[in-house]
Amino acid sequence: MTTIGIVGAGISGLHLGLQLVQAGVPVTIYSPQSGDELAKGRIQNSVAHHAVTIDRERRLGVDHWPVEQYGYDSHHHYFGLPEPIVFRGDFQQRSRAVDYRIYLPTLMADFENRGGRLEVRPVDVADLEALSEHHDLLVAAAGKYSLGEFFGHSPRRDPLPGPLRRLEVGFWTGIAENDPKGVSIAASPGHGDLLEIPMHSFDGHVTALLFENVPGGELERLVDWKVDEDPEGFRSFVLDVLRRHYPLTYARVDESEFGLARPGDQMQGQFTPVLRNDFKQLGNGRYVLAMGDAHSTLDPIVGQGANSASYSAQVVGDTILEDQSFDLRFMEKVALRRRERVEAAWDWSNLMAGPPPQHLLQLVGAMAQDQALLDEFTWNFNFPVAQWDILATPERVAAAIARSQAR
Ligand SMILES: Cc1cc2nc3c(=O)[nH]c(=O)nc-3n(C[C@H](O)[C@H](O)[C@H](O)COP(=O)(O)OP(=O)(O)OC[C@H]3O[C@@H](n4cnc5c(N)ncnc54)[C@H](O)[C@@H]3O)c2cc1C
């Protein structure tokens, strides 16, 4: 019987593993950490899932956090221009953010309880050939660092010279929720953006503050601060940044309650977005397939990486269930099927994280006046292909604005 090996127990590895055990296919997931270890670690991200991903979770039987209780409805936009622009886009169905230190261990337990095999061990490039002999197909879903280099940069997109943003994220208490409950997307032109996300964590509701800082700008201090050495100074600096750059979030802060929810609830870093080759052939003639961040690493400015990783897992799962000849044709089928969405998410994320072109600013101006266009943009967080259909060129943006005005 076909057996599948998956390296990595992130969202993409787990969604694929769960789909396959649901279909009765034997699967082993290799993870360097157990669920308990993962739960005790530092945060690595602040992930929101959109409705299309939540639908997939329902189909996989892992929707443990119903959107009626844990979800949110809106994107609250703020542009810190001399005359600030403020507007709100609404989703047609709710999105939801759950701390991955809760989400991933829960799905790891689901996977094991349903007959999947979880082996706690890291896998290096040197292990791949031996491991490929144990399985009919080996899928690398080990995130943006491990194994990624192995696949090499895809010729389908030019490499980026470096990170588009430098990131600092923390889970905070003492910030009242937006009304209606939603994510704030606030721009401080020239300095960066703040994504404020209502998140379910260990002690219930917290607010994730993801500072997307422009390299070379004054807000880089958020990324370079040695937080463990000076937590109180850091807290004061975050408050100062909110006050000066992101006043609508600051207005909802209760300073007496404001603090990191737990000591490990903070991380800093940067990485260069990269689109890698879909697969690679090993010396023994077998192929390894890249999936999730190992294939496509995105700046999180529009929250697409995990949603894209989950989509990619479904394409891989569906293709495995249809065709168990894991040869070059199989690899090319997967690559072709997921390409449009994965690349649209890549292009859109890079556009939003880079210096804003004139046509993006035009769209922002139009959305501030046109609720239908704004709601379409908001709902398209579920549909990166449709979003890129609007954003890909100045002509497309102009056409989308004209279309919306004519409606
Ligand atoms: C600050 C921040 C905020 C984000 N916000 C969003 C958001 O709102 N929405 C969104 O969609 N995306 C978001 N993302 C992106 C999202 O976190 C990733 O795209 C997603 O987690 C990728 O999933 P994955 O399964 O490919 O990899 P990961 O989630 O990175 O999982 C990889 C797994 O592989 C394991 N692993 C690593 N090395 C090895 C090895 N050698 N052997 C075996 N296993 C290994 C790791 O332990 C891990 O469990 C955000 C990212 C960041 C940094």
# chains A, B, ... in the order shown; residues from 1 in each chain; ligands from 1
>>> residues_near_ligand(ligand="ligand 1", cutoff="6 Å", atoms="only C-alpha atoms and all ligand atoms", output="NGL selection string")
:A and (7-13 or 30-32 or 44-49 or 122-124 or 141-144 or 146 or 169 or 292-294 or 300 or 303-307 or 309)
>>> write_last_selection(atoms="C-alpha atoms", output="PDB file, in the first residue's frame")
ATOM      1  CA  VAL A   7       8.695  16.374   6.688  1.00  0.00           C
ATOM      2  CA  GLY A   8       7.273  19.059   8.981  1.00  0.00           C
ATOM      3  CA  ALA A   9       4.200  19.369  11.191  1.00  0.00           C
ATOM      4  CA  GLY A  10       3.173  22.900  10.277  1.00  0.00           C
ATOM      5  CA  ILE A  11      -0.187  23.716   8.747  1.00  0.00           C
ATOM      6  CA  SER A  12       0.710  22.350   5.323  1.00  0.00           C
ATOM      7  CA  GLY A  13       2.143  19.042   6.592  1.00  0.00           C
ATOM      8  CA  TYR A  30       8.434  13.901  10.811  1.00  0.00           C
ATOM      9  CA  SER A  31       8.693  16.790  13.242  1.00  0.00           C
ATOM     10  CA  PRO A  32      11.638  17.928  15.379  1.00  0.00           C
ATOM     11  CA  GLN A  44       6.740  32.067  15.558  1.00  0.00           C
ATOM     12  CA  ASN A  45       3.950  34.015  13.847  1.00  0.00           C
ATOM     13  CA  SER A  46       0.470  35.532  14.312  1.00  0.00           C
ATOM     14  CA  VAL A  47      -1.615  33.667  11.773  1.00  0.00           C
ATOM     15  CA  ALA A  48      -5.129  34.499  10.605  1.00  0.00           C
ATOM     16  CA  HIS A  49      -7.051  31.908   8.597  1.00  0.00           C
ATOM     17  CA  PRO A 122      14.515  16.367  12.487  1.00  0.00           C
ATOM     18  CA  VAL A 123      15.213  15.511   8.862  1.00  0.00           C
ATOM     19  CA  ASP A 124      18.246  16.970   7.076  1.00  0.00           C
ATOM     20  CA  ALA A 141       6.896  20.899   4.353  1.00  0.00           C
ATOM     21  CA  ALA A 142       9.547  21.972   6.852  1.00  0.00           C
ATOM     22  CA  GLY A 143       8.957  25.722   6.672  1.00  0.00           C
ATOM     23  CA  LYS A 144      10.991  28.594   5.335  1.00  0.00           C
ATOM     24  CA  SER A 146      15.059  23.855   6.720  1.00  0.00           C
ATOM     25  CA  VAL A 169       5.320  40.539  16.701  1.00  0.00           C
ATOM     26  CA  GLY A 292       4.038  25.426   2.027  1.00  0.00           C
ATOM     27  CA  ASP A 293       6.781  27.854   3.080  1.00  0.00           C
ATOM     28  CA  ALA A 294       9.423  25.408   1.843  1.00  0.00           C
ATOM     29  CA  PRO A 300       3.070  38.201   6.112  1.00  0.00           C
ATOM     30  CA  GLY A 303      -1.596  37.141   5.793  1.00  0.00           C
ATOM     31  CA  GLN A 304      -1.362  34.683   2.919  1.00  0.00           C
ATOM     32  CA  GLY A 305       1.434  32.195   3.784  1.00  0.00           C
ATOM     33  CA  ALA A 306      -0.518  29.710   5.885  1.00  0.00           C
ATOM     34  CA  ASN A 307      -3.658  30.041   3.769  1.00  0.00           C
ATOM     35  CA  ALA A 309       0.230  26.431   2.467  1.00  0.00           C
TER      36      ALA A 309
END
>>> select_by_dssp(residues="region 35-278 of chain A", states="alpha helix (DSSP H)", output="count of residues only")
68
>>> select_by_dssp(residues="region 62-267 of chain A", states="strand (DSSP E)", output="ChimeraX atom specification")
/A:71-79,85-97,117-120,137-140,166-173,182-188,192-201,204-213,259-260,266-267
>>> residues_around(residues="region 374-383 of chain A", least_positions_apart="6", cutoff="7 Å", atoms="only C-alpha atoms", output="PyMOL selection string")
chain A and resi 50-52+75+89-92+367
>>> residues_around(residues="region 338-354 of chain A", least_positions_apart="3", cutoff="6 Å", atoms="only C-alpha atoms", output="PyMOL selection string")
chain A and resi 164+335+384-385+388
>>> write_last_selection(atoms="C-alpha atoms", output="compact mmCIF listing (two decimals), in the first residue's frame")
# COMPACT_ATOMS: atom_id res chain seq x y z
CA LEU A 164 11.02 43.66 2.24
CA ALA A 335 3.15 22.26 -9.88
CA PRO A 384 -5.43 35.88 -4.16
CA VAL A 385 -5.99 35.12 -7.86
CA TRP A 388 -4.10 39.88 -8.39
>>> closest_residue(among="A:Leu336, A:Leu275, A:Leu14, A:Leu194", to="Leu242 (chain A)", atoms="only C-alpha atoms")
A:Leu194
>>> residues_around(residues="Ala39 (chain A)", least_positions_apart="6", cutoff="8 Å", atoms="only C-alpha atoms", output="list in words")
Arg101, Ile102 and Pro105 of chain A
>>> write_last_selection(atoms="C-alpha atoms", output="compact mmCIF listing (two decimals), in the first residue's frame")
# COMPACT_ATOMS: atom_id res chain seq x y z
CA ARG A 101 1.07 26.89 19.79
CA ILE A 102 -2.53 25.76 20.39
CA PRO A 105 -0.50 20.61 18.70
>>> closest_residue(among="A:Leu128, A:Val183, A:Ala386, A:Val139", to="Ser312 (chain A)", atoms="only C-alpha atoms")
A:Val139
